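*Asks:* Dropping the structure in here first, questions after.
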Amino acid sequence: MKKILIQLDTDPLPSSFDRVVAVDAGADEIFSYGGVTPANVEPLVHGAIFTRGPGDLKNTAIWVGGSDVEAGEAVFEKVGKTFFGPMRVSTMADSNGSNTTAAAAVLAAKKHVDLAGQRALVLGATGPVGLRAAQLLALEGAEVVVTSRSLDRAEAAASRVVAAVPEARIVPTSEAPVDALADAVVLIAAGAAGVQFLSAADWSDRPRLQVAIDLNAVPPLGIDGIAVTDKAAETHGTIVYGAIGVGGAKMKLHRAAVASLFESNDRVLDTESIYRLGESL
Amino acid sequence: MKKILIQLDTDPLPSSFDRVVAVDAGADEIFSYGGVTPANVEPLVHGAIFTRGPGDLKNTAIWVGGSDVEAGEAVFEKVGKTFFGPMRVSTMADSNGSNTTAAAAVLAAKKHVDLAGQRALVLGATGPVGLRAAQLLALEGAEVVVTSRSLDRAEAAASRVVAAVPEARIVPTSEAPVDALADAVVLIAAGAAGVQFLSAADWSDRPRLQVAIDLNAVPPLGIDGIAVTDKAAETHGTIVYGAIGVGGAKMKLHRAAVASLFESNDRVLDTESIYRLGESL
Amino acid sequence: MKKILIQLDTDPLPSSFDRVVAVDAGADEIFSYGGVTPANVEPLVHGAIFTRGPGDLKNTAIWVGGSDVEAGEAVFEKVGKTFFGPMRVSTMADSNGSNTTAAAAVLAAKKHVDLAGQRALVLGATGPVGLRAAQLLALEGAEVVVTSRSLDRAEAAASRVVAAVPEARIVPTSEAPVDALADAVVLIAAGAAGVQFLSAADWSDRPRLQVAIDLNAVPPLGIDGIAVTDKAAETHGTIVYGAIGVGGAKMKLHRAAVASLFESNDRVLDTESIYRLGESL
């Protein structure tokens with residue numbers, strides 16, 4: 001029986017990135033839908049759960065993606081509510097690769113630093129990947145500074161992290177990145193393509209900074225002085241990773257997560273469970 | 001040569017149900033289109049008939065689906081008119097599974113009752129499945145009562161059945177289901193999810209009622225007292241089927257119908273021919 | 001590793017024609033997108049180039065199609081600009097089959113006539129196929145007459161050809177086809193379905209006319225007296241081809257072009273390179 005992944009994407013054009021990875025993860029067929037909302041998703045879920053016998057439902061799974069994390073969460077929640085009893089399939093949420101990328105970044109940082117109690121700075125924390133990175137750093141017990149040019153948006157991001165991790169210690173700020181960097185031990189930049197947060201001088205003399213990760217793959221990168229291919233390289237006394245340096249682990253986790261959807265019909269892969277899967281790889 | 005099914009769906013998001021079944025029926029590739037209308041379907045049909053040699057055209061087929069039976073019929077008719085001479089592929093119409101579900105339901109009833117001359121009640125007859133069930137019951141010679149809260153809509157449904165089966169005896173009514181049930185020997189409920197037509201008491205003391213079928217798969221069901229998994233179970237002296245109880249035969253017919261599209265390039269599977277295929281299984 | 005073709009189509013519903021040919025050309029997976037514009041294509045390209053290792057990128061390719069040649073060119077150009085360094089995949093532009101069809105038609109004419117210096121008439125030259133045919137005839141050194149009922153549109157088409165082939169000799173005209181045909185040695189009709197440019201009498205006594213090709217596959221054809229299946233047939237002393245007669249070579253070239261995309265990650269197949277590939281087959 002063929003393994004079918006139903007890709008539910010909140011953007012008008014469903015992500016080609018997610019489709020390629022799904023193919024490489026072993027899905028035999030991918031049904032790609034764009035423009036998916038809580039209002040139109042129900043028949044798509046019914047089509048997943050009413051077409052194969054209970055013993056075969058593990059061969060169908062649902063993927064929720066798109067560039068908007070909140071829109072994805074709303075669809076993901078609606079999908080879960082549409083299931084009933086044993087009529088369910090495994091599901092994964094990874095809007096814009098946010099969960100897998102954030103997990104790979106935080107796991108990379110954790111290789112070098114015990115995160116509990118440490119100060120971590122997330123630049124671009126209002127975006128899909130930054131928000132998840134902040135959540136996972138908080139889960140590891142770090143104190144997380146989240147920045148935005150708008151304090152309101154930084155505070156909104158902080159509230160979203162606390163909603164997911166009630167014990168989180170989050171510091172929202174509209175300070176410039178170079179100022180917010182003070183005392184940070186871990187730095188993750190997860191901004192939009194083309195946004196440079198820090199010049200090389202901004203971070204080259206920071207003895208406390210142990211790990212700096214830039215998740216932007218398209219030049220100019222968010223942290224000048226990190227190369228896209230850096231992978232645990234040492235620069236100015238700091239361990240650095242670029243997007244491709246983190247990308248290997250991200251892709252491995254992304255593929256493993258998709259593959260694991262087909263092991264049972266009741267797996268629910270969200271930010272934390274994807275992170276836990278990443279720890280086990 | 002790969003077997004390609006071109007799914008033409010009149011809804012914005014093409015049915016995932018139909019796609020899963022097409023995969024399981026052996027289609028190698030499924031091209032899924034949403035928002036298909038008579039106005040935009042022509043180039044999609046040309047792509048089907050002008051890409052493979054005459055001897056290979058049996059490996060391409062067209063499926064017309066969606067939640068709106070009338071919209072599907074209009075697309076199906078336009079597809080047929082776009083073919084010319086030997087430049088054609090096999091086609092099937094099954095908006096919302098209406099033909100396959102209705103066929104499976106009527107075939108289930110026919111196992112227990114000789115339908116000719118019997119009174120049958122279809123609840124939800126203005127919907128896609130109910131309309132086809134009424135048509136097939138009429139084809140078997142039953143007198144069919146079709147209900148709607150609006151008499152106009154019931155009469156419109158009756159007219160559509162008569163257009164397909166000129167000799168049909170149809171009784172449109174806006175009576176409450178419990179009243180319309182009087183004297184019925186066969187009852188098929190094909191309403192929208194969440195609509196309950198009859199309480200258990202409404203039908204538990206009906207000695208004339210021999211078969212009751214509820215095609216709703218999502219609780220609450222349309223006929224209280226029938227379980228979704230009932231399959232020829234006896235309740236209050238009536239043989240009952242729930243959606244999953246009929247579903248096995250429906251899925252078998254659905255898959256067989258899709259598979260049969262690839263046996264030649266000129267098959268036309270509509271309500272009646274799908275029913276005849278179901279009889280032969 | 002599966003070969004993935006990402007179909008970027010500028011029409012709302014991506015071409016089924018291009019999808020069938022892609023399947024038959026050996027693409028394992030086809031990701032079909034409709035409504036693609038320069039404004040929304042970037043993330044689709046990123047998904048192509050950031051998901052597989054550099055050595056594996058030859059297994060992903062991008063196809064640009066749709067009914068509007070100019071819209072397709074704009075997407076094709078944007079795709080090329082989104083690549084950087086080795087982060088690229090092979091790409092092909094063939095809006096409405098224009099490049100492959102035009103190449104097959106001009107190659108058919110070239111079998112019978114040395115085109116250099118000859119007068120060629122393209123009817124329907126403002127459409128996707130006609131424009132490319134005019135470009136390729138110009139590339140071979142022919143003097144090309146391009147017609148439209150509107151002189152402005154004929155002149156615009158001529159300008160587009162000259163932009164691609166600076167040395168082209170193009171004569172735009174709004175003359176009726178029967179008048180424009182005077183002195184032409186080669187005639188290619190590439191009009192819209194249902195448009196008849198010439199009656200049988202219009203071209204049956206033209207001793208100079210050596211080759212006449214009608215690319216319309218749906219009756220009535222553009223040149224009365226040519227049959228859709230004609231392939232190097234002789235009629236009134238002229239060698240004639242119909243759409244199906246040219247179609248065999250077009251389909252062979254179309255499939256070969258798609259297959260060649262997967263030989264490296266940096267192939268760029270546009271009008272001229274598709275024509276050169278056709279010459280080599």
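Letters A, B, ... go to the chains of the structure tokens in the order shown; residues in each chain start at 1; ligands are counted from 1 in the same order.
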Quick one: everything within 10 Å of Ser90 of chain A, counting only C-alpha atoms, minus sequence neighbours fewer than 2 positions away in the same chain. Send it as a VMD selection string.

*Replies:* chain A and resid 5 57 to 63 80 88 92 258 260 to 269

*Asks:* For the residues selected in the previous step, produce a file with N, CA and C atoms as a CSV table (one decimal), in the first residue's frame.

*Replies:*
chain,number,residue,atom,x,y,z
A,5,LEU,N,1.3,11.3,1.7
A,5,LEU,CA,1.3,12.4,2.6
A,5,LEU,C,0.4,13.5,2.0
A,57,LEU,N,-4.5,2.8,8.0
A,57,LEU,CA,-4.4,4.3,8.2
A,57,LEU,C,-3.0,4.8,8.4
A,58,LYS,N,-2.1,4.0,8.9
A,58,LYS,CA,-0.8,4.5,9.1
A,58,LYS,C,-0.1,4.8,7.8
A,59,ASN,N,-0.6,4.4,6.7
A,59,ASN,CA,-0.1,4.7,5.4
A,59,ASN,C,-0.5,6.0,4.8
A,60,THR,N,-1.3,6.7,5.6
A,60,THR,CA,-1.8,8.1,5.2
A,60,THR,C,-1.3,9.0,6.3
A,61,ALA,N,-0.8,10.2,6.0
A,61,ALA,CA,-0.4,11.1,7.0
A,61,ALA,C,-0.7,12.5,6.5
A,62,ILE,N,-0.8,13.5,7.5
A,62,ILE,CA,-1.1,14.9,7.2
A,62,ILE,C,0.1,15.7,7.6
A,63,TRP,N,0.5,16.6,6.7
A,63,TRP,CA,1.5,17.6,6.9
A,63,TRP,C,0.9,19.0,6.9
A,80,GLY,N,-6.7,18.2,14.2
A,80,GLY,CA,-6.8,17.3,15.3
A,80,GLY,C,-8.2,17.1,15.8
A,88,ARG,N,-8.2,8.4,12.6
A,88,ARG,CA,-7.2,9.5,12.7
A,88,ARG,C,-5.9,9.0,11.9
A,92,MET,N,1.9,16.3,11.3
A,92,MET,CA,3.1,17.0,11.6
A,92,MET,C,2.9,18.5,11.3
A,258,VAL,N,9.1,13.0,8.8
A,258,VAL,CA,8.1,12.6,7.8
A,258,VAL,C,8.1,11.1,7.8
A,260,SER,N,8.7,9.0,10.1
A,260,SER,CA,8.1,8.5,11.4
A,260,SER,C,6.5,8.6,11.4
A,261,LEU,N,6.0,9.5,10.5
A,261,LEU,CA,4.6,9.6,10.5
A,261,LEU,C,3.9,8.3,10.0
A,262,PHE,N,4.6,7.5,9.2
A,262,PHE,CA,4.0,6.3,8.6
A,262,PHE,C,4.3,5.1,9.5
A,263,GLU,N,4.7,5.3,10.8
A,263,GLU,CA,4.9,4.1,11.7
A,263,GLU,C,3.7,3.8,12.4
A,264,SER,N,2.8,4.8,12.6
A,264,SER,CA,1.5,4.5,13.3
A,264,SER,C,0.5,5.5,12.7
A,265,ASN,N,-0.7,5.4,13.1
A,265,ASN,CA,-1.7,6.4,12.6
A,265,ASN,C,-2.1,7.4,13.7
A,266,ASP,N,-1.3,7.5,14.7
A,266,ASP,CA,-1.7,8.5,15.8
A,266,ASP,C,-0.5,9.3,16.3
A,267,ARG,N,0.5,9.5,15.5
A,267,ARG,CA,1.6,10.3,15.9
A,267,ARG,C,1.2,11.8,15.7
A,268,VAL,N,1.6,12.7,16.6
A,268,VAL,CA,1.4,14.1,16.5
A,268,VAL,C,2.7,14.8,16.7
A,269,LEU,N,3.3,15.3,15.6
A,269,LEU,CA,4.6,15.9,15.7
A,269,LEU,C,4.5,17.4,15.6

*Asks:* Taking only C-alpha atoms into account and nothing else, which residues of chain A lie no more than 8 Å away from chain C? Please answer as a PDB file with N, CA, C and O atoms, in the first residue's frame.

*Replies:*
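Contents of result-v2.pdb, as written:
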ATOM      1  N   LEU A  13       0.423  28.892  -2.864  1.00  0.00           N
ATOM      2  CA  LEU A  13       1.188  27.865  -3.576  1.00  0.00           C
ATOM      3  C   LEU A  13       1.913  27.004  -2.545  1.00  0.00           C
ATOM      4  O   LEU A  13       2.796  27.486  -1.843  1.00  0.00           O
ATOM      5  N   SER A  15       4.376  24.764  -0.472  1.00  0.00           N
ATOM      6  CA  SER A  15       5.841  24.774  -0.468  1.00  0.00           C
ATOM      7  C   SER A  15       6.459  23.659  -1.306  1.00  0.00           C
ATOM      8  O   SER A  15       6.186  22.473  -1.097  1.00  0.00           O
ATOM      9  N   SER A  16       7.337  24.049  -2.242  1.00  0.00           N
ATOM     10  CA  SER A  16       8.068  23.042  -3.013  1.00  0.00           C
ATOM     11  C   SER A  16       9.155  22.409  -2.147  1.00  0.00           C
ATOM     12  O   SER A  16       9.520  21.258  -2.347  1.00  0.00           O
ATOM     13  N   PHE A  17       9.666  23.170  -1.208  1.00  0.00           N
ATOM     14  CA  PHE A  17      10.668  22.653  -0.280  1.00  0.00           C
ATOM     15  C   PHE A  17      10.114  21.421   0.447  1.00  0.00           C
ATOM     16  O   PHE A  17      10.722  20.350   0.456  1.00  0.00           O
ATOM     17  N   ASP A  18       8.945  21.598   1.047  1.00  0.00           N
ATOM     18  CA  ASP A  18       8.353  20.495   1.810  1.00  0.00           C
ATOM     19  C   ASP A  18       8.049  19.297   0.926  1.00  0.00           C
ATOM     20  O   ASP A  18       8.146  18.148   1.372  1.00  0.00           O
ATOM     21  N   ARG A  19       7.686  19.566  -0.318  1.00  0.00           N
ATOM     22  CA  ARG A  19       7.366  18.462  -1.230  1.00  0.00           C
ATOM     23  C   ARG A  19       8.611  17.656  -1.575  1.00  0.00           C
ATOM     24  O   ARG A  19       8.571  16.426  -1.618  1.00  0.00           O
ATOM     25  N   VAL A  20       9.718  18.372  -1.866  1.00  0.00           N
ATOM     26  CA  VAL A  20      10.953  17.651  -2.203  1.00  0.00           C
ATOM     27  C   VAL A  20      11.374  16.783  -1.019  1.00  0.00           C
ATOM     28  O   VAL A  20      11.714  15.600  -1.180  1.00  0.00           O
ATOM     29  N   VAL A  21      11.341  17.366   0.177  1.00  0.00           N
ATOM     30  CA  VAL A  21      11.772  16.590   1.349  1.00  0.00           C
ATOM     31  C   VAL A  21      10.853  15.396   1.577  1.00  0.00           C
ATOM     32  O   VAL A  21      11.300  14.304   1.925  1.00  0.00           O
ATOM     33  N   VAL A  23       9.276  13.683  -0.697  1.00  0.00           N
ATOM     34  CA  VAL A  23       9.686  12.656  -1.665  1.00  0.00           C
ATOM     35  C   VAL A  23      10.920  11.927  -1.146  1.00  0.00           C
ATOM     36  O   VAL A  23      10.979  10.693  -1.117  1.00  0.00           O
ATOM     37  N   ASP A  24      11.900  12.708  -0.707  1.00  0.00           N
ATOM     38  CA  ASP A  24      13.155  12.087  -0.272  1.00  0.00           C
ATOM     39  C   ASP A  24      13.010  11.328   1.048  1.00  0.00           C
ATOM     40  O   ASP A  24      13.846  10.486   1.376  1.00  0.00           O
ATOM     41  N   MET A 251      17.753  18.773   7.666  1.00  0.00           N
ATOM     42  CA  MET A 251      17.180  17.924   6.626  1.00  0.00           C
ATOM     43  C   MET A 251      17.044  16.484   7.127  1.00  0.00           C
ATOM     44  O   MET A 251      16.059  15.806   6.832  1.00  0.00           O
TER      45      MET A 251
END

*Asks:* Env of Ala142 of chain B: 6 Å cut, atoms = only C-alpha atoms, seq-sep filter 6 positions within chain, self excluded. Answer as a PyMOL selection string.

*Replies:* chain B and resi 115-119

*Asks:* Using only C-alpha atoms, can you tell me which of C:Leu136, C:Met87, C:Ala184, C:Leu198 comes closest to Ala217 of chain A?

*Replies:*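 For Ala217 of chain A, the nearest of the given residues is C:Met87.
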
*Asks:* Quick one: distance from atom CA of Ala120 of chain A to atom CA of Thr173 of chain A in Å, one decimal?

*Replies:*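 Separating atom CA of Ala120 of chain A from atom CA of Thr173 of chain A is a distance of 13.0 Å.
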
*Asks:* From the DSSP assignment of the backbone, select every residue of segment 229-280 of chain C that is helix (DSSP H, G or I), and format the answer as a PyMOL selection string.

*Replies:* chain C and resi 243-261+271-280

*Asks:* Which distance in Å separates atom CA of Leu215 of chain A and atom CA of Val246 of chain A, to one decimal?

*Replies:*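 So the answer is 7.6 Å.
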
*Asks:* Can you work out which one of B:Glu234, B:Lys252, B:Val106, B:Phe83 has the shortest atom-to-atom distance to Pro219 of chain C, counting only C-alpha atoms?

*Replies:*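 Among B:Glu234, B:Lys252, B:Val106, B:Phe83, it is B:Phe83 that comes nearest to Pro219 of chain C.
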
*Asks:* Please provide the set of residues having any atom within 8 Å of Asn99 of chain C, restricted to only C-alpha atoms, with same-chain residues fewer than 2 positions apart removed, written as a list in words.

*Replies:*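 What passes the distance filter is Ala93, Asp94, Ser95, Gly97, Thr101, Ala102, Ala103, Val129, Arg132, Ala133, Asp270, Thr271, Ile274 and Tyr275 of chain C.
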
*Asks:* Have a look at B:Ala27, B:Val218, B:Ala22, B:Leu137 and name the one nearest to Lys110 of chain B; count only C-alpha atoms.

*Replies:*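 Of all the options, B:Leu137 lies closest to Lys110 of chain B.
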
*Asks:* If we count only C-alpha atoms, what is near Gly222 of chain C at a cut-off of 10 Å, once residues fewer than 5 positions away on the same chain are taken out, given as a list in words?

*Replies:*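 Skipping anything fewer than 5 positions along the chain leaves Leu123, Gly124, Ile188, Ala189, Ala190, Gly191, Ala192, Ala193, Gly194, Val195, Gln196, Phe197, Leu198, Ser199, Ile213, Asp214, Leu215, Asn216, Ala217 and Gly242 of chain C.
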
*Asks:* Pull all heavy atoms from the residues just selected and write them as a compact mmCIF listing (two decimals), in the first residue's frame.

*Replies:*
# COMPACT_ATOMS: atom_id res chain seq x y z
N LEU C 123 1.45 32.61 -40.19
CA LEU C 123 0.09 33.08 -39.84
C LEU C 123 -0.14 32.78 -38.36
O LEU C 123 0.18 31.69 -37.89
CB LEU C 123 -0.94 32.36 -40.70
CG LEU C 123 -0.78 32.58 -42.22
CD1 LEU C 123 -1.74 31.68 -43.00
CD2 LEU C 123 -1.02 34.06 -42.57
N GLY C 124 -0.70 33.73 -37.64
CA GLY C 124 -0.87 33.54 -36.19
C GLY C 124 0.44 33.79 -35.46
O GLY C 124 0.71 33.18 -34.43
N ILE C 188 3.76 28.63 -42.44
CA ILE C 188 3.41 27.96 -41.18
C ILE C 188 2.20 28.68 -40.59
O ILE C 188 2.24 29.89 -40.38
CB ILE C 188 4.59 27.98 -40.18
CG1 ILE C 188 5.77 27.17 -40.74
CG2 ILE C 188 4.16 27.42 -38.82
CD1 ILE C 188 7.00 27.13 -39.84
N ALA C 189 1.12 27.90 -40.33
CA ALA C 189 -0.08 28.48 -39.70
C ALA C 189 -0.12 28.02 -38.26
O ALA C 189 -0.11 26.83 -37.97
CB ALA C 189 -1.33 28.03 -40.44
N ALA C 190 -0.15 29.01 -37.36
CA ALA C 190 -0.10 28.70 -35.93
C ALA C 190 -1.16 29.50 -35.19
O ALA C 190 -0.90 30.09 -34.15
CB ALA C 190 1.30 29.02 -35.40
N GLY C 191 -2.37 29.50 -35.74
CA GLY C 191 -3.43 30.31 -35.15
C GLY C 191 -4.15 29.60 -34.01
O GLY C 191 -3.84 28.46 -33.65
N ALA C 192 -5.11 30.29 -33.45
CA ALA C 192 -5.93 29.72 -32.39
C ALA C 192 -6.86 28.67 -32.97
O ALA C 192 -7.19 28.69 -34.16
CB ALA C 192 -6.73 30.84 -31.72
N ALA C 193 -7.30 27.74 -32.12
CA ALA C 193 -8.24 26.71 -32.54
C ALA C 193 -9.48 27.36 -33.14
O ALA C 193 -10.00 28.35 -32.61
CB ALA C 193 -8.63 25.83 -31.36
N GLY C 194 -9.91 26.84 -34.28
CA GLY C 194 -11.16 27.34 -34.87
C GLY C 194 -10.98 28.46 -35.87
O GLY C 194 -11.94 28.86 -36.53
N VAL C 195 -9.76 28.99 -35.99
CA VAL C 195 -9.54 30.08 -36.94
C VAL C 195 -9.02 29.50 -38.26
O VAL C 195 -7.99 28.85 -38.29
CB VAL C 195 -8.50 31.10 -36.39
CG1 VAL C 195 -8.18 32.16 -37.45
CG2 VAL C 195 -9.01 31.73 -35.11
N GLN C 196 -9.76 29.72 -39.36
CA GLN C 196 -9.30 29.27 -40.67
C GLN C 196 -8.75 30.47 -41.43
O GLN C 196 -9.45 31.44 -41.70
CB GLN C 196 -10.43 28.63 -41.45
CG GLN C 196 -9.91 28.07 -42.78
CD GLN C 196 -10.84 27.02 -43.35
OE1 GLN C 196 -11.60 27.30 -44.25
NE2 GLN C 196 -10.78 25.81 -42.80
N PHE C 197 -7.46 30.40 -41.76
CA PHE C 197 -6.80 31.50 -42.44
C PHE C 197 -6.98 31.45 -43.96
O PHE C 197 -7.13 32.47 -44.62
CB PHE C 197 -5.29 31.49 -42.16
CG PHE C 197 -4.92 31.75 -40.75
CD1 PHE C 197 -4.40 30.75 -39.95
CD2 PHE C 197 -5.07 33.02 -40.19
CE1 PHE C 197 -4.03 31.00 -38.64
CE2 PHE C 197 -4.69 33.28 -38.88
CZ PHE C 197 -4.17 32.27 -38.10
N LEU C 198 -6.89 30.25 -44.50
CA LEU C 198 -6.85 30.10 -45.97
C LEU C 198 -7.82 29.01 -46.42
O LEU C 198 -7.87 27.93 -45.83
CB LEU C 198 -5.43 29.71 -46.41
CG LEU C 198 -4.32 30.74 -46.19
CD1 LEU C 198 -2.95 30.09 -46.43
CD2 LEU C 198 -4.49 31.95 -47.11
N SER C 199 -8.55 29.30 -47.48
CA SER C 199 -9.36 28.26 -48.13
C SER C 199 -8.45 27.44 -49.04
O SER C 199 -7.30 27.83 -49.30
CB SER C 199 -10.46 28.91 -48.96
OG SER C 199 -9.86 29.56 -50.07
N ILE C 213 2.63 24.15 -43.49
CA ILE C 213 2.46 23.40 -42.24
C ILE C 213 1.34 24.06 -41.44
O ILE C 213 1.34 25.27 -41.22
CB ILE C 213 3.76 23.42 -41.41
CG1 ILE C 213 4.89 22.75 -42.20
CG2 ILE C 213 3.56 22.77 -40.05
CD1 ILE C 213 6.25 22.87 -41.55
N ASP C 214 0.38 23.23 -41.01
CA ASP C 214 -0.73 23.74 -40.20
C ASP C 214 -0.62 23.10 -38.81
O ASP C 214 -0.72 21.88 -38.68
CB ASP C 214 -2.06 23.37 -40.86
CG ASP C 214 -3.23 24.04 -40.17
OD1 ASP C 214 -3.09 24.41 -38.97
OD2 ASP C 214 -4.28 24.19 -40.80
N LEU C 215 -0.43 23.92 -37.78
CA LEU C 215 -0.19 23.38 -36.44
C LEU C 215 -1.45 23.26 -35.61
O LEU C 215 -1.39 22.91 -34.43
CB LEU C 215 0.86 24.24 -35.73
CG LEU C 215 2.22 24.20 -36.42
CD1 LEU C 215 3.18 25.19 -35.80
CD2 LEU C 215 2.81 22.79 -36.38
N ASN C 216 -2.59 23.56 -36.18
CA ASN C 216 -3.84 23.45 -35.44
C ASN C 216 -4.31 22.00 -35.44
O ASN C 216 -4.41 21.37 -36.47
CB ASN C 216 -4.90 24.35 -36.11
CG ASN C 216 -6.10 24.52 -35.21
OD1 ASN C 216 -6.18 23.91 -34.16
ND2 ASN C 216 -7.01 25.36 -35.65
N ALA C 217 -4.62 21.47 -34.24
CA ALA C 217 -5.01 20.06 -34.15
C ALA C 217 -6.51 19.86 -34.08
O ALA C 217 -7.00 18.75 -34.20
CB ALA C 217 -4.36 19.44 -32.92
N GLY C 242 0.24 18.37 -41.23
CA GLY C 242 -0.77 18.77 -40.25
C GLY C 242 -0.19 18.64 -38.85
O GLY C 242 0.96 18.21 -38.66

*Asks:* List every residue of segment 7-224 of chain C that DSSP, applied to the backbone, labels as strand (DSSP E), and write the result as a PyMOL selection string.

*Replies:* chain C and resi 7-9+29-33+60-65+90-93+119-123+143-147+169-173+186-189+211-214

*Asks:* With only C-alpha atoms as the counted atoms, please give the residues lying no more than 8 Å from Ala138 of chain A, apart from itself and same-chain residues fewer than 2 positions off, as a PDB file with N, CA, C and O atoms, in the first residue's frame.

*Replies:*
ATOM      1  N   ALA A 134      13.113  30.195  20.001  1.00  0.00           N
ATOM      2  CA  ALA A 134      12.934  30.775  21.338  1.00  0.00           C
ATOM      3  C   ALA A 134      12.214  29.794  22.257  1.00  0.00           C
ATOM      4  O   ALA A 134      12.579  29.612  23.428  1.00  0.00           O
ATOM      5  N   GLN A 135      11.199  29.124  21.709  1.00  0.00           N
ATOM      6  CA  GLN A 135      10.442  28.157  22.511  1.00  0.00           C
ATOM      7  C   GLN A 135      11.328  27.006  22.983  1.00  0.00           C
ATOM      8  O   GLN A 135      11.275  26.599  24.155  1.00  0.00           O
ATOM      9  N   LEU A 136      12.170  26.498  22.096  1.00  0.00           N
ATOM     10  CA  LEU A 136      13.008  25.345  22.447  1.00  0.00           C
ATOM     11  C   LEU A 136      14.131  25.747  23.403  1.00  0.00           C
ATOM     12  O   LEU A 136      14.493  24.984  24.300  1.00  0.00           O
ATOM     13  N   GLU A 140      14.730  24.373  27.276  1.00  0.00           N
ATOM     14  CA  GLU A 140      16.007  23.903  27.828  1.00  0.00           C
ATOM     15  C   GLU A 140      16.431  24.730  29.039  1.00  0.00           C
ATOM     16  O   GLU A 140      17.504  24.532  29.594  1.00  0.00           O
ATOM     17  N   GLY A 141      15.599  25.698  29.421  1.00  0.00           N
ATOM     18  CA  GLY A 141      15.884  26.464  30.634  1.00  0.00           C
ATOM     19  C   GLY A 141      16.696  27.719  30.424  1.00  0.00           C
ATOM     20  O   GLY A 141      17.117  28.373  31.397  1.00  0.00           O
ATOM     21  N   ALA A 142      16.929  28.099  29.159  1.00  0.00           N
ATOM     22  CA  ALA A 142      17.666  29.338  28.914  1.00  0.00           C
ATOM     23  C   ALA A 142      16.770  30.549  29.184  1.00  0.00           C
ATOM     24  O   ALA A 142      15.538  30.453  29.144  1.00  0.00           O
ATOM     25  N   GLU A 143      17.437  31.684  29.474  1.00  0.00           N
ATOM     26  CA  GLU A 143      16.716  32.960  29.511  1.00  0.00           C
ATOM     27  C   GLU A 143      16.820  33.523  28.100  1.00  0.00           C
ATOM     28  O   GLU A 143      17.934  33.710  27.595  1.00  0.00           O
ATOM     29  N   VAL A 144      15.681  33.794  27.456  1.00  0.00           N
ATOM     30  CA  VAL A 144      15.706  34.093  26.025  1.00  0.00           C
ATOM     31  C   VAL A 144      15.313  35.543  25.750  1.00  0.00           C
ATOM     32  O   VAL A 144      14.213  35.976  26.121  1.00  0.00           O
ATOM     33  N   VAL A 165       5.337  27.251  26.631  1.00  0.00           N
ATOM     34  CA  VAL A 165       6.243  26.816  27.707  1.00  0.00           C
ATOM     35  C   VAL A 165       5.993  27.735  28.906  1.00  0.00           C
ATOM     36  O   VAL A 165       6.654  28.771  29.054  1.00  0.00           O
ATOM     37  N   GLU A 167       6.762  27.913  31.939  1.00  0.00           N
ATOM     38  CA  GLU A 167       7.864  28.279  32.835  1.00  0.00           C
ATOM     39  C   GLU A 167       8.941  29.108  32.129  1.00  0.00           C
ATOM     40  O   GLU A 167       9.983  29.429  32.728  1.00  0.00           O
ATOM     41  N   ALA A 168       8.700  29.489  30.874  1.00  0.00           N
ATOM     42  CA  ALA A 168       9.726  30.187  30.098  1.00  0.00           C
ATOM     43  C   ALA A 168      10.093  31.535  30.707  1.00  0.00           C
ATOM     44  O   ALA A 168       9.243  32.251  31.224  1.00  0.00           O
ATOM     45  N   ARG A 169      11.394  31.867  30.638  1.00  0.00           N
ATOM     46  CA  ARG A 169      11.844  33.206  31.026  1.00  0.00           C
ATOM     47  C   ARG A 169      12.215  33.940  29.735  1.00  0.00           C
ATOM     48  O   ARG A 169      13.234  33.638  29.118  1.00  0.00           O
ATOM     49  N   ILE A 170      11.381  34.876  29.332  1.00  0.00           N
ATOM     50  CA  ILE A 170      11.532  35.563  28.038  1.00  0.00           C
ATOM     51  C   ILE A 170      11.679  37.059  28.278  1.00  0.00           C
ATOM     52  O   ILE A 170      10.925  37.643  29.064  1.00  0.00           O
TER      53      ILE A 170
END

*Asks:* Just the residues within 6 Å of Ser174 of chain C, please, counting only C-alpha atoms, with nothing from its chain fewer than 6 positions along; format it as JSON, numbers by chain.

*Replies:* {"C": [147, 148, 149, 150, 151]}

*Asks:* By how many Å are atom CA of Glu175 of chain C and atom CA of Asp202 of chain C apart?

*Replies:*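 Computed distance, atom CA of Glu175 of chain C to atom CA of Asp202 of chain C, equals 13.9 Å.
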